[in-house]
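Working notes, beginning with the structure itself.
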Amino acid sequence: MARKTCALAPALAAILVLFSSCIIEYDFDTAPEWVTSGGQNVTNRGTGTARGWGGTITVTVMVQNGRITEATINAPRETPSHTNMLLQNAPRMVIITNSFGFLDGMSGATITRNAIREAGENALVNTGAFL
């Protein structure tokens, strides 16, 4: 039994190194700034919707001086066991990355993920931001 464990350890280490090299890095200095009409000190709020797996998903964003400062996602009919992690982390990540583009890298609930991205981009358009 000990021989099998010893032979398995290098293989697992190689797999770990392979996956750790696949981590996507995000350059926060190049995050997009949403240009809003009206110049400096402008705060706009917008709402967008899209069809998810269980029903309509609504995303509301607030854009202040070209940065997303607030994001809320309302997806009451999505399957909790598949979407809880996505719905909990997405608003924070939208604010950090100033974009809904990071959702391409998240997997699991593909239809819900795509709907959140679409609704978020619609919300940005409805704030008066130009994509």
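Chain identifiers are assigned as A, B, and so on, following the order in which chains appear in the structure tokens; residues are numbered from 1 within each chain, and ligands are numbered from 1 in order of appearance.
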Tell me, as number ranges by chain, which residues lie within 12 Å of Ile116 (chain A), counting only C-alpha atoms; anything in the same chain fewer than 3 positions away does not count. A: 47-53, 55-61, 71-75, 78, 83, 86-87, 90-91, 94, 99-104, 106, 109-113, 119-123
